[in-house]
file model.cif (mmCIF, C-alpha atoms and all ligand atoms)
data_protein
#
loop_
_atom_site.label_atom_id
_atom_site.label_comp_id
_atom_site.auth_asym_id
_atom_site.auth_seq_id
_atom_site.Cartn_x
_atom_site.Cartn_y
_atom_site.Cartn_z
CA MET K 1 -39.95 30.03 14.08
CA ILE K 2 -36.25 29.68 13.21
CA ASP K 3 -33.63 31.94 14.73
CA PHE K 4 -30.07 31.49 13.48
CA ASN K 5 -28.63 33.95 16.02
CA LEU K 6 -27.36 33.12 19.48
CA ASP K 7 -29.21 34.80 22.34
CA SER K 8 -27.30 37.18 24.64
CA GLU K 9 -26.63 34.46 27.23
CA HIS K 10 -25.01 32.14 24.68
CA LYS K 11 -23.06 35.05 23.17
CA GLU K 12 -21.64 35.87 26.60
CA LEU K 13 -20.68 32.25 27.16
CA GLN K 14 -19.09 32.08 23.71
CA GLU K 15 -17.03 35.17 24.54
CA MET K 16 -15.90 33.65 27.84
CA TYR K 17 -14.87 30.36 26.17
CA ARG K 18 -13.07 32.31 23.42
CA LYS K 19 -11.13 34.41 25.93
CA PHE K 20 -10.03 31.34 27.89
CA ALA K 21 -9.04 29.50 24.70
CA GLU K 22 -7.06 32.48 23.36
CA GLU K 23 -5.32 33.27 26.62
CA ARG K 24 -4.80 29.88 28.25
CA VAL K 25 -4.97 27.15 25.58
CA LYS K 26 -3.56 28.68 22.39
CA PRO K 27 -0.16 29.62 23.88
CA LEU K 28 0.36 25.98 24.96
CA ALA K 29 -0.87 24.23 21.81
CA HIS K 30 2.42 24.10 19.89
CA GLU K 31 4.49 22.86 22.81
CA MET K 32 1.91 20.25 23.82
CA ASP K 33 1.87 18.90 20.26
CA GLU K 34 5.67 18.79 20.07
CA GLN K 35 5.92 17.05 23.44
CA GLU K 36 2.88 14.84 22.70
CA LYS K 37 1.63 15.61 26.20
CA MET K 38 -1.43 17.32 27.62
CA ASN K 39 -0.85 20.19 30.04
CA LEU K 40 -2.75 18.90 33.06
CA GLU K 41 -2.52 22.21 34.93
CA MET K 42 -4.39 23.92 32.11
CA LEU K 43 -6.98 21.13 32.16
CA LYS K 44 -7.36 21.66 35.92
CA GLU K 45 -8.10 25.33 35.26
CA MET K 46 -10.75 24.34 32.73
CA GLN K 47 -12.26 22.01 35.31
CA GLU K 48 -12.24 24.76 37.93
CA CYS K 49 -13.94 27.14 35.48
CA GLY K 50 -16.76 24.63 35.04
CA PHE K 51 -15.93 23.74 31.41
CA PHE K 52 -16.08 20.00 32.19
CA GLY K 53 -19.62 20.23 33.52
CA ILE K 54 -21.38 22.53 31.04
CA PRO K 55 -24.53 20.58 30.06
CA PHE K 56 -25.18 18.98 33.47
CA PRO K 57 -27.74 20.09 36.05
CA GLU K 58 -26.50 22.06 39.04
CA ALA K 59 -28.11 19.38 41.21
CA TYR K 60 -25.29 17.05 40.07
CA GLY K 61 -22.54 19.67 40.39
CA GLY K 62 -22.75 20.82 36.77
CA ALA K 63 -22.94 24.32 35.31
CA GLY K 64 -26.64 23.94 34.44
CA GLY K 65 -26.04 24.81 30.78
CA ASP K 66 -27.23 23.15 27.59
CA VAL K 67 -25.75 21.20 24.69
CA LEU K 68 -25.54 24.37 22.58
CA SER K 69 -23.31 26.02 25.22
CA TYR K 70 -21.12 22.92 25.28
CA VAL K 71 -20.87 23.05 21.47
CA LEU K 72 -19.81 26.71 21.62
CA CYS K 73 -17.12 25.77 24.13
CA MET K 74 -15.95 22.85 21.97
CA GLU K 75 -15.57 25.14 18.96
CA GLU K 76 -13.60 27.81 20.83
CA ILE K 77 -11.29 25.35 22.59
CA SER K 78 -10.69 23.38 19.36
CA LYS K 79 -9.92 26.58 17.46
CA ALA K 80 -6.96 26.90 19.79
CA ASP K 81 -6.14 23.22 20.25
CA ALA K 82 -7.98 20.15 18.99
CA SER K 83 -6.29 17.85 21.53
CA THR K 84 -7.79 19.81 24.39
CA GLY K 85 -11.08 19.77 22.47
CA VAL K 86 -11.25 15.98 22.26
CA THR K 87 -10.30 15.63 25.92
CA LEU K 88 -13.31 17.77 26.83
CA SER K 89 -15.55 16.04 24.31
CA VAL K 90 -14.90 12.44 25.40
CA HIS K 91 -15.31 13.40 29.07
CA THR K 92 -18.55 15.32 28.46
CA SER K 93 -20.39 13.57 25.64
CA LEU K 94 -19.24 9.99 25.88
CA CYS K 95 -18.71 9.48 29.59
CA ALA K 96 -20.60 11.97 31.79
CA SER K 97 -23.65 12.51 29.51
CA THR K 98 -24.08 8.75 29.22
CA ILE K 99 -24.14 8.37 33.01
CA GLN K 100 -26.64 11.24 33.17
CA GLU K 101 -28.90 9.58 30.60
CA PHE K 102 -28.67 5.95 31.69
CA GLY K 103 -27.42 5.93 35.30
CA THR K 104 -29.56 5.23 38.35
CA GLU K 105 -29.96 8.07 40.88
CA GLU K 106 -27.27 6.53 43.12
CA GLN K 107 -24.89 6.19 40.15
CA LYS K 108 -25.45 9.82 39.19
CA GLN K 109 -24.65 10.96 42.72
CA LYS K 110 -21.57 8.77 42.95
CA TRP K 111 -20.15 8.89 39.41
CA LEU K 112 -21.66 11.87 37.54
CA ARG K 113 -21.25 14.44 40.30
CA PRO K 114 -17.41 14.37 40.44
CA LEU K 115 -17.25 14.43 36.62
CA ALA K 116 -19.64 17.39 36.39
CA ASP K 117 -18.14 19.41 39.25
CA GLY K 118 -14.67 19.22 37.75
CA SER K 119 -12.97 16.98 40.28
CA LYS K 120 -12.64 13.93 38.01
CA ILE K 121 -12.14 13.15 34.32
CA GLY K 122 -13.91 10.40 32.41
CA CYS K 123 -13.18 8.14 29.45
CA PHE K 124 -15.09 5.68 27.28
CA GLY K 125 -13.85 2.21 26.39
CA LEU K 126 -15.80 0.65 23.55
CA THR K 127 -13.39 0.00 20.66
CA GLU K 128 -11.32 -3.19 20.73
CA PRO K 129 -8.45 -4.34 18.53
CA ASN K 130 -10.90 -6.38 16.42
CA ALA K 131 -14.07 -4.34 16.93
CA GLY K 132 -14.08 -0.79 15.55
CA SER K 133 -16.89 0.21 13.18
CA ASP K 134 -18.43 -3.20 13.92
CA VAL K 135 -19.01 -2.67 17.64
CA ALA K 136 -20.86 -5.98 17.83
CA GLY K 137 -17.54 -7.78 17.30
CA ALA K 138 -16.46 -6.89 20.87
CA ARG K 139 -14.97 -9.71 22.94
CA THR K 140 -14.44 -8.18 26.39
CA THR K 141 -16.51 -10.07 28.96
CA ALA K 142 -18.01 -9.33 32.37
CA VAL K 143 -18.91 -12.47 34.28
CA LYS K 144 -21.14 -12.27 37.35
CA ASP K 145 -19.53 -13.75 40.48
CA GLY K 146 -21.73 -13.30 43.55
CA ASP K 147 -22.32 -9.57 43.95
CA GLU K 148 -19.45 -8.66 41.65
CA TYR K 149 -18.64 -8.71 37.92
CA VAL K 150 -15.23 -9.84 36.71
CA ILE K 151 -14.12 -7.99 33.56
CA ASN K 152 -11.56 -9.42 31.12
CA GLY K 153 -10.52 -8.03 27.75
CA GLU K 154 -8.69 -5.29 25.91
CA LYS K 155 -9.88 -1.91 24.73
CA ILE K 156 -7.92 0.18 22.27
CA PHE K 157 -7.76 3.90 21.45
CA THR K 158 -9.36 4.89 24.76
CA THR K 159 -9.07 8.70 24.74
CA ASN K 160 -8.18 10.29 28.13
CA SER K 161 -7.15 6.91 29.54
CA GLY K 162 -3.69 8.18 30.56
CA PHE K 163 -5.16 10.46 33.20
CA ALA K 164 -8.90 9.68 33.49
CA ASP K 165 -10.34 8.67 36.86
CA THR K 166 -13.58 7.08 35.64
CA PHE K 167 -13.73 4.44 32.91
CA LEU K 168 -17.07 3.71 31.26
CA VAL K 169 -16.39 0.32 29.73
CA PHE K 170 -18.48 -2.04 27.62
CA ALA K 171 -18.38 -5.81 28.06
CA LEU K 172 -20.42 -8.88 27.14
CA THR K 173 -22.48 -10.21 30.04
CA ASP K 174 -24.07 -12.85 27.82
CA LYS K 175 -21.96 -14.37 25.03
CA SER K 176 -24.74 -16.73 23.93
CA VAL K 177 -26.70 -13.91 22.24
CA PRO K 178 -25.60 -11.27 19.69
CA ALA K 179 -23.73 -8.30 21.22
CA HIS K 180 -26.61 -5.92 20.70
CA LYS K 181 -28.46 -8.00 23.31
CA GLY K 182 -25.57 -9.34 25.36
CA MET K 183 -23.47 -6.24 26.00
CA SER K 184 -23.57 -4.16 29.18
CA ALA K 185 -21.90 -0.95 30.36
CA PHE K 186 -19.85 -0.68 33.57
CA LEU K 187 -18.50 2.15 35.68
CA VAL K 188 -14.95 1.38 36.71
CA ASP K 189 -12.60 3.35 38.90
CA ARG K 190 -9.11 3.75 37.46
CA ASN K 191 -7.49 2.36 40.63
CA THR K 192 -9.31 -0.96 40.49
CA PRO K 193 -6.75 -3.81 40.54
CA GLY K 194 -6.26 -5.53 37.16
CA ILE K 195 -6.39 -2.42 34.94
CA THR K 196 -3.30 -1.70 32.86
CA VAL K 197 -3.16 1.44 30.72
CA THR K 198 -0.42 1.15 28.09
CA PRO K 199 1.71 4.15 27.07
CA ASP K 200 -0.07 6.48 24.62
CA ILE K 201 -0.28 5.27 21.02
CA PRO K 202 1.99 7.47 18.83
CA ARG K 203 -0.27 9.34 16.40
CA MET K 204 -0.45 11.64 13.36
CA GLY K 205 -2.66 14.25 15.05
CA ILE K 206 -4.28 15.33 18.31
CA ARG K 207 -0.92 14.32 19.68
CA ALA K 208 -1.34 16.06 23.03
CA ALA K 209 -4.46 14.06 23.86
CA SER K 210 -4.03 10.84 25.80
CA ASN K 211 -4.98 7.78 23.81
CA ALA K 212 -3.98 4.29 24.86
CA ALA K 213 -4.93 0.63 25.01
CA VAL K 214 -6.44 -0.52 28.29
CA VAL K 215 -6.13 -4.13 29.41
CA TYR K 216 -8.67 -5.49 31.89
CA GLU K 217 -7.46 -8.60 33.66
CA ASP K 218 -9.80 -10.07 36.27
CA VAL K 219 -11.04 -6.60 37.14
CA ARG K 220 -13.63 -7.02 39.90
CA VAL K 221 -16.33 -4.38 40.21
CA PRO K 222 -19.39 -4.39 42.49
CA ALA K 223 -22.64 -5.37 40.72
CA GLU K 224 -23.93 -1.86 41.53
CA ASN K 225 -21.45 -0.52 38.92
CA LEU K 226 -23.57 -1.96 36.10
CA LEU K 227 -24.81 1.23 34.37
CA GLY K 228 -28.56 1.55 34.73
CA GLY K 229 -28.65 -1.62 36.82
CA VAL K 230 -29.87 -3.78 33.91
CA GLU K 231 -27.80 -6.22 31.84
CA GLY K 232 -28.00 -6.30 28.04
CA LYS K 233 -28.48 -2.55 27.44
CA GLY K 234 -24.83 -1.83 26.62
CA PHE K 235 -25.09 -1.78 22.83
CA LYS K 236 -28.00 0.67 22.88
CA ILE K 237 -26.20 2.82 25.46
CA ALA K 238 -23.04 2.88 23.32
CA MET K 239 -24.95 3.87 20.17
CA LYS K 240 -26.79 6.66 22.03
CA ALA K 241 -23.52 7.90 23.55
CA LEU K 242 -21.96 8.08 20.09
CA ASP K 243 -24.98 9.93 18.65
CA GLY K 244 -24.40 12.67 21.24
CA GLY K 245 -20.62 12.49 20.91
CA ARG K 246 -20.82 13.26 17.20
CA ILE K 247 -22.22 16.71 17.95
CA GLY K 248 -19.11 17.45 20.02
CA ILE K 249 -16.78 16.14 17.29
CA ALA K 250 -18.62 18.20 14.66
CA ALA K 251 -18.01 21.27 16.84
CA GLN K 252 -14.36 20.24 17.19
CA ALA K 253 -14.07 20.06 13.39
CA VAL K 254 -15.73 23.48 12.96
CA GLY K 255 -13.26 24.88 15.51
CA ILE K 256 -10.22 23.38 13.77
CA ALA K 257 -11.41 24.78 10.43
CA GLN K 258 -12.20 28.27 11.74
CA GLY K 259 -8.96 28.37 13.72
CA ALA K 260 -6.93 27.50 10.62
CA LEU K 261 -8.71 30.03 8.40
CA ASN K 262 -8.20 32.76 11.02
CA GLU K 263 -4.47 31.99 11.06
CA ALA K 264 -4.28 32.07 7.25
CA ILE K 265 -6.14 35.40 7.06
CA LYS K 266 -3.77 36.96 9.61
CA TYR K 267 -0.71 35.70 7.75
CA ASP K 268 -1.88 36.57 4.23
CA LYS K 269 -2.72 40.15 5.21
CA GLU K 270 0.94 40.65 6.15
CA ARG K 271 2.87 38.47 3.71
CA MET K 272 4.01 40.47 0.65
CA GLN K 273 4.87 38.97 -2.75
CA PHE K 274 4.98 40.75 -6.13
CA GLY K 275 4.67 44.03 -4.15
CA LYS K 276 1.24 43.12 -2.76
CA THR K 277 -0.18 41.20 0.18
CA ILE K 278 -1.19 37.59 -0.56
CA ALA K 279 -4.65 38.57 0.78
CA SER K 280 -5.04 41.11 -2.02
CA PHE K 281 -4.96 38.44 -4.75
CA GLN K 282 -8.42 37.54 -5.94
CA ASN K 283 -7.50 33.84 -5.91
CA THR K 284 -6.91 34.11 -2.15
CA GLN K 285 -10.10 36.09 -1.57
CA PHE K 286 -12.38 33.79 -3.58
CA LYS K 287 -10.91 30.66 -2.00
CA MET K 288 -11.27 32.11 1.49
CA ALA K 289 -14.86 33.16 0.71
CA ASP K 290 -15.64 29.57 -0.30
CA LEU K 291 -14.04 28.16 2.83
CA GLN K 292 -15.79 30.55 5.23
CA THR K 293 -19.12 29.68 3.58
CA LYS K 294 -18.46 25.96 4.12
CA ILE K 295 -17.45 26.52 7.74
CA ASP K 296 -20.65 28.49 8.38
CA ALA K 297 -22.73 25.71 6.82
CA ALA K 298 -21.02 23.12 9.03
CA ARG K 299 -21.49 25.30 12.11
CA LEU K 300 -25.22 25.74 11.45
CA MET K 301 -25.65 21.99 11.00
CA THR K 302 -23.84 21.42 14.28
CA TRP K 303 -26.04 23.96 16.08
CA ARG K 304 -29.14 22.31 14.58
CA ALA K 305 -28.13 18.95 16.06
CA ALA K 306 -27.32 20.53 19.44
CA VAL K 307 -30.62 22.41 19.62
CA ALA K 308 -32.58 19.29 18.63
CA LYS K 309 -30.87 17.40 21.50
CA ASP K 310 -31.62 20.25 23.90
CA ARG K 311 -35.28 20.16 22.87
CA GLY K 312 -35.53 16.43 23.39
CA GLU K 313 -36.14 15.85 19.67
CA ALA K 314 -34.59 13.10 17.53
CA TYR K 315 -31.08 14.26 16.68
CA ASN K 316 -29.07 11.20 15.60
CA VAL K 317 -29.34 11.88 11.86
CA TYR K 318 -28.65 15.61 12.35
CA ALA K 319 -25.59 14.68 14.42
CA ALA K 320 -24.32 12.27 11.74
CA MET K 321 -24.87 14.88 9.01
CA ALA K 322 -23.12 17.57 11.05
CA LYS K 323 -20.11 15.34 11.73
CA LEU K 324 -19.90 14.14 8.12
CA MET K 325 -20.04 17.71 6.82
CA ALA K 326 -17.85 19.40 9.45
CA SER K 327 -15.09 16.79 9.30
CA ASP K 328 -14.94 17.05 5.50
CA VAL K 329 -14.85 20.85 5.72
CA ALA K 330 -12.11 20.76 8.39
CA ASN K 331 -9.93 18.61 6.13
CA GLN K 332 -10.47 20.81 3.05
CA VAL K 333 -9.96 24.06 4.95
CA THR K 334 -6.81 23.03 6.80
CA ARG K 335 -5.22 21.65 3.60
CA ASP K 336 -5.96 24.92 1.80
CA CYS K 337 -4.70 26.94 4.75
CA VAL K 338 -1.30 25.22 4.54
CA GLN K 339 -1.29 26.31 0.89
CA PHE K 340 -2.18 29.92 1.83
CA LEU K 341 1.00 30.08 3.90
CA GLY K 342 3.20 28.45 1.22
CA GLY K 343 6.42 26.94 2.59
CA TYR K 344 5.77 28.45 6.00
CA GLY K 345 2.49 26.58 6.13
CA PHE K 346 4.48 23.37 5.86
CA ALA K 347 6.83 24.41 8.67
CA ARG K 348 6.14 23.09 12.17
CA GLU K 349 6.52 26.61 13.55
CA TYR K 350 3.14 27.64 12.14
CA ALA K 351 -0.09 26.27 13.60
CA VAL K 352 -1.78 25.34 10.30
CA GLU K 353 0.28 22.18 9.74
CA ARG K 354 -0.76 20.90 13.20
CA MET K 355 -4.36 21.77 12.40
CA MET K 356 -4.16 19.85 9.11
CA ARG K 357 -2.88 16.77 10.98
CA ASP K 358 -5.50 17.22 13.71
CA ALA K 359 -8.37 17.56 11.23
CA LYS K 360 -7.95 14.01 9.87
CA ILE K 361 -9.16 12.22 13.00
CA THR K 362 -12.56 13.95 12.86
CA GLU K 363 -13.36 11.74 9.84
CA ILE K 364 -12.50 8.62 11.83
CA TYR K 365 -13.47 8.60 15.49
CA GLU K 366 -16.94 8.27 17.00
CA GLY K 367 -17.93 6.62 13.73
CA THR K 368 -16.07 7.06 10.44
CA SER K 369 -17.51 9.15 7.60
CA GLU K 370 -18.62 5.89 6.00
CA VAL K 371 -20.52 4.98 9.17
CA MET K 372 -22.10 8.49 9.17
CA LYS K 373 -23.37 7.74 5.65
CA MET K 374 -24.85 4.45 6.87
CA VAL K 375 -26.76 6.35 9.58
CA ILE K 376 -27.98 9.00 7.14
CA ALA K 377 -28.88 6.48 4.43
CA GLY K 378 -30.79 4.51 7.06
CA SER K 379 -33.13 7.48 7.46
CA LEU K 380 -33.92 7.67 3.72
CA ASN K 381 -36.37 4.79 3.60
CA LEU K 382 -34.43 3.11 0.80
CA LYS K 383 -35.45 -0.51 1.49
C1 LIG M 401 -7.22 9.07 18.13
C2 LIG M 401 -8.36 8.13 18.34
C3 LIG M 401 -9.20 8.29 19.44
C4 LIG M 401 -10.25 7.39 19.69
N1 LIG M 401 -10.97 7.49 20.85
C5 LIG M 401 -11.81 6.46 21.18
C6 LIG M 401 -12.41 6.42 22.49
O1 LIG M 401 -12.22 7.30 23.33
N2 LIG M 401 -13.18 5.33 22.81
C7 LIG M 401 -13.42 4.31 21.92
O2 LIG M 401 -14.14 3.40 22.26
N3 LIG M 401 -12.88 4.36 20.66
C8 LIG M 401 -12.08 5.40 20.29
N4 LIG M 401 -11.49 5.41 19.04
C9 LIG M 401 -11.79 4.36 18.09
C10 LIG M 401 -12.54 4.85 16.86
O3 LIG M 401 -13.87 5.17 17.19
C11 LIG M 401 -12.39 3.78 15.78
O4 LIG M 401 -11.05 3.83 15.33
C12 LIG M 401 -13.35 4.00 14.63
O5 LIG M 401 -14.67 3.76 15.04
C13 LIG M 401 -13.04 3.10 13.41
O6 LIG M 401 -12.83 1.78 13.80
P1 LIG M 401 -11.50 1.03 13.27
O7 LIG M 401 -10.34 1.92 13.58
O8 LIG M 401 -11.48 -0.33 13.87
O9 LIG M 401 -11.66 0.97 11.71
P2 LIG M 401 -12.42 -0.18 10.88
O10 LIG M 401 -13.78 -0.40 11.45
O11 LIG M 401 -11.53 -1.35 10.73
O12 LIG M 401 -12.60 0.52 9.47
C14 LIG M 401 -11.54 0.66 8.51
C15 LIG M 401 -12.12 1.39 7.28
O13 LIG M 401 -13.16 0.59 6.71
C16 LIG M 401 -14.37 1.35 6.63
N5 LIG M 401 -15.50 0.46 6.85
C17 LIG M 401 -15.73 -0.37 7.90
N6 LIG M 401 -16.88 -1.01 7.76
C18 LIG M 401 -17.43 -0.57 6.60
C19 LIG M 401 -18.65 -0.85 5.90
N7 LIG M 401 -19.54 -1.71 6.39
N8 LIG M 401 -18.88 -0.21 4.74
C20 LIG M 401 -18.00 0.68 4.26
N9 LIG M 401 -16.82 0.98 4.86
C21 LIG M 401 -16.55 0.38 6.02
C22 LIG M 401 -14.24 2.39 7.72
O14 LIG M 401 -15.10 3.50 7.47
C23 LIG M 401 -12.78 2.74 7.63
O15 LIG M 401 -12.55 3.65 6.59
C24 LIG M 401 -10.48 6.34 18.76
C25 LIG M 401 -9.68 6.22 17.64
C26 LIG M 401 -8.61 7.07 17.43
C27 LIG M 401 -7.73 6.86 16.22
#
call {"tool": "encode", "arguments": {"input": "model.cif", "output": "structure tokens"}}
result
Amino acid sequence: MIDFNLDSEHKELQEMYRKFAEERVKPLAHEMDEQEKMNLEMLKEMQECGFFGIPFPEAYGGAGGDVLSYVLCMEEISKADASTGVTLSVHTSLCASTIQEFGTEEQKQKWLRPLADGSKIGCFGLTEPNAGSDVAGARTTAVKDGDEYVINGEKIFTTNSGFADTFLVFALTDKSVPAHKGMSAFLVDRNTPGITVTPDIPRMGIRAASNAAVVYEDVRVPAENLLGGVEGKGFKIAMKALDGGRIGIAAQAVGIAQGALNEAIKYDKERMQFGKTIASFQNTQFKMADLQTKIDAARLMTWRAAVAKDRGEAYNVYAAMAKLMASDVANQVTRDCVQFLGGYGFAREYAVERMMRDAKITEIYEGTSEVMKMVIAGSLNLK
């Protein structure tokens, strides 16, 4: 039986996320983008409201929700501000969910609990200057020394690294075998000696998010910080983390697209030219009808991936399809929304130009659109 409607519990949650996003995030979005700085007080409020612990069991300090609820939150927050959206997404999908799935019981109590109860923020360090799409090209190492590991290397584009407390970082524990067998994942506290977080990398979009390079120089962590307690599982852990992360990024893209279209509708109902509103022209109406249809399609694909994950079914191809589709839609919609506002759409004063810049990254991070096609093609039994 297929039901495309949200039940009353999810509708209530959606309404709560929408209200918070409208009242607390949206008014800050422009200024945060201009200043290229996240408002940490607003983030704290989100943490206190339980937004950073949505899909985690109450037993670990979480809200006891599901992936679908998290996706609804991601859409609403990203409608208002995509930078805040990615901050939530990296913390939830890439860092905390990965600890939940692969951590030992002790690691969940020590590392997941503070992430889920809103007292700490997490980040995920996989990408390196010379290892992006090709994760197996990673060079960061973790060498066992007694009951410690010593981590050396450089990660780049680590979202949240400017203010995160917990770093989930990937390093080679065995360089003599390919990375998919020799990589391991480590839980590292921000204050561990030897970690240097560079200033944020200046960027085209999601400018309020924190995104920096992180240098690890003789960073010593106890052996108990090896995620899951077993060496050599890092590559698999990273791939699984990204599968889940893509659902969050698809929801971010849906949010950006819907947020931009809502802004364009509001503007075009008021803006008069040739004695009529722009919204009254059939060109506007037909184009907007097309865009809303595409956004709905992307949203349904995102929900399908979230529900499959909630049900414990295979979801990696659904997640890749949702991200591929939603990121493409977000780019089309935001570009058209700038056009709907004419010259004002191009002006920094109006939100649609920020949304157009923010949309681009959804085609790049957590696997580019080309990588999404590799995942999808891999499921087609073409060989
Ligand atoms: C703002 C931002 C935030 C990020 N956050 C994080 C984070 O929190 N943690 C983290 O670990 N990483 C993060 N990343 C890194 C991100 O995931 C990578 O940038 C992305 O995976 C692409 O890697 P790359 O930049 O090295 O591009 P490359 O891999 O060099 O790719 C360049 C181009 O070539 C294409 N390409 C590559 N290989 C193939 C192929 N085999 N066939 C066809 N085309 C191909 C790509 O699709 C792309 O278009 C972030 C990046 C950015 C920009």
call {"tool": "closest_atom_pairs", "arguments": {"input": "model.cif", "of": "stretch 80-169 of chain K", "to": "stretch 26-39 of chain K", "cutoff": "8 Å", "atoms": "only C-alpha atoms", "output": "CSV"}}
result
residue,atom,partner,partner_atom,distance
K:Ala80,CA,K:Lys26,CA,4.6
K:Asp81,CA,K:Ala29,CA,5.6
K:Ser83,CA,K:Met38,CA,7.8
K:Thr84,CA,K:Met38,CA,7.6
call {"tool": "residues_near_point", "arguments": {"input": "model.cif", "point": "(-35.0, 31.0, 14.3)", "cutoff": "12 Å", "atoms": "only C-alpha atoms", "output": "list in words"}}
result
Met1, Ile2, Asp3, Phe4, Asn5, Leu6, Asp7, Leu300, Trp303, Arg304 and Val307 of chain K
call {"tool": "write_last_selection", "arguments": {"input": "model.cif", "atoms": "C-alpha atoms", "output": "PDB file, in the frame of the given file"}}
result
ATOM      1  CA  MET K   1     -39.950  30.030  14.080  1.00  0.00           C
ATOM      2  CA  ILE K   2     -36.250  29.680  13.210  1.00  0.00           C
ATOM      3  CA  ASP K   3     -33.630  31.940  14.730  1.00  0.00           C
ATOM      4  CA  PHE K   4     -30.070  31.490  13.480  1.00  0.00           C
ATOM      5  CA  ASN K   5     -28.630  33.950  16.020  1.00  0.00           C
ATOM      6  CA  LEU K   6     -27.360  33.120  19.480  1.00  0.00           C
ATOM      7  CA  ASP K   7     -29.210  34.800  22.340  1.00  0.00           C
ATOM      8  CA  LEU K 300     -25.220  25.740  11.450  1.00  0.00           C
ATOM      9  CA  TRP K 303     -26.040  23.960  16.080  1.00  0.00           C
ATOM     10  CA  ARG K 304     -29.140  22.310  14.580  1.00  0.00           C
ATOM     11  CA  VAL K 307     -30.620  22.410  19.620  1.00  0.00           C
TER      12      VAL K 307
END
call {"tool": "residues_around", "arguments": {"input": "model.cif", "residues": "K:Glu41", "least_positions_apart": "6", "cutoff": "12 Å", "atoms": "all atoms listed in the file", "output": "PDB file with C-alpha atoms, keeping the file's coordinate frame"}}
result
ATOM      1  CA  ARG K  24      -4.800  29.880  28.250  1.00  0.00           C
ATOM      2  CA  VAL K  25      -4.970  27.150  25.580  1.00  0.00           C
ATOM      3  CA  LEU K  28       0.360  25.980  24.960  1.00  0.00           C
ATOM      4  CA  GLN K  47     -12.260  22.010  35.310  1.00  0.00           C
ATOM      5  CA  GLU K  48     -12.240  24.760  37.930  1.00  0.00           C
TER       6      GLU K  48
END
call {"tool": "closest_residue", "arguments": {"input": "model.cif", "among": "K:Glu105, K:Glu45, K:Asp189, K:Asp243", "to": "K:Lys323", "atoms": "all atoms listed in the file"}}
result
K:Asp243
call {"tool": "residues_around", "arguments": {"input": "model.cif", "residues": "stretch 327-330 of chain K", "least_positions_apart": "4", "cutoff": "9 Å", "atoms": "all atoms listed in the file", "output": "list in words"}}
result
Ile249, Ala250, Gln252, Ala253, Val254, Gly255, Ile256, Ala257, Gln258, Ala260, Leu291, Lys294, Ile295, Ala298, Ala322, Lys323, Thr334, Arg335, Met355, Met356, Ala359, Lys360, Ile361, Thr362, Glu363, Ile364 and Ser369 of chain K
call {"tool": "residues_around", "arguments": {"input": "model.cif", "residues": "K:Glu353", "least_positions_apart": "5", "cutoff": "8 Å", "atoms": "only C-alpha atoms", "output": "number ranges by chain"}}
result
K: 334, 338, 345-348
call {"tool": "write_last_selection", "arguments": {"input": "model.cif", "atoms": "C-alpha atoms", "output": "compact mmCIF listing (two decimals), keeping the file's coordinate frame"}}
result
# COMPACT_ATOMS: atom_id res chain seq x y z
CA THR K 334 -6.81 23.03 6.80
CA VAL K 338 -1.30 25.22 4.54
CA GLY K 345 2.49 26.58 6.13
CA PHE K 346 4.48 23.37 5.86
CA ALA K 347 6.83 24.41 8.67
CA ARG K 348 6.14 23.09 12.17
call {"tool": "atom_distance", "arguments": {"input": "model.cif", "atom1": "atom O5 of ligand LIG 401 (chain M)", "atom2": "atom CA of K:Ala212"}}
result
14.5 Å
call {"tool": "closest_residue", "arguments": {"input": "model.cif", "among": "K:Phe167, K:Phe51, K:Tyr315, K:Phe157", "to": "ligand LIG 401 (chain M)", "atoms": "only C-alpha atoms and all ligand atoms"}}
result
K:Phe157
call {"tool": "residues_near_ligand", "arguments": {"input": "model.cif", "ligand": "ligand LIG 401 (chain M)", "cutoff": "6 Å", "atoms": "all atoms listed in the file", "output": "PyMOL selection string"}}
result
chain K and resi 124-127+131-134+157-159+364-368+370-371
call {"tool": "axis_aligned_box", "arguments": {"input": "model.cif", "around": "stretch 289-304 of chain K", "padding_each_side": "6 Å", "output": "AutoDock Vina command-line options"}}
result
--center_x -21.6 --center_y 27.3 --center_z 7.9 --size_x 27.1 --size_y 23.7 --size_z 28.4
call {"tool": "atom_distance", "arguments": {"input": "model.cif", "atom1": "atom CA of K:Val214", "atom2": "atom CA of K:Ala238"}}
result
17.7 Å
call {"tool": "closest_residue", "arguments": {"input": "model.cif", "among": "K:Val67, K:Ala136, K:Val188, K:Leu382", "to": "K:Ser93", "atoms": "all atoms listed in the file"}}
result
K:Val67
call {"tool": "closest_residue", "arguments": {"input": "model.cif", "among": "K:Lys266, K:Ile206, K:Met272, K:Cys73", "to": "K:Asn160", "atoms": "all atoms listed in the file"}}
result
K:Ile206
call {"tool": "atom_distance", "arguments": {"input": "model.cif", "atom1": "atom CA of K:Gly122", "atom2": "atom CA of K:Leu72"}}
result
20.4 Å
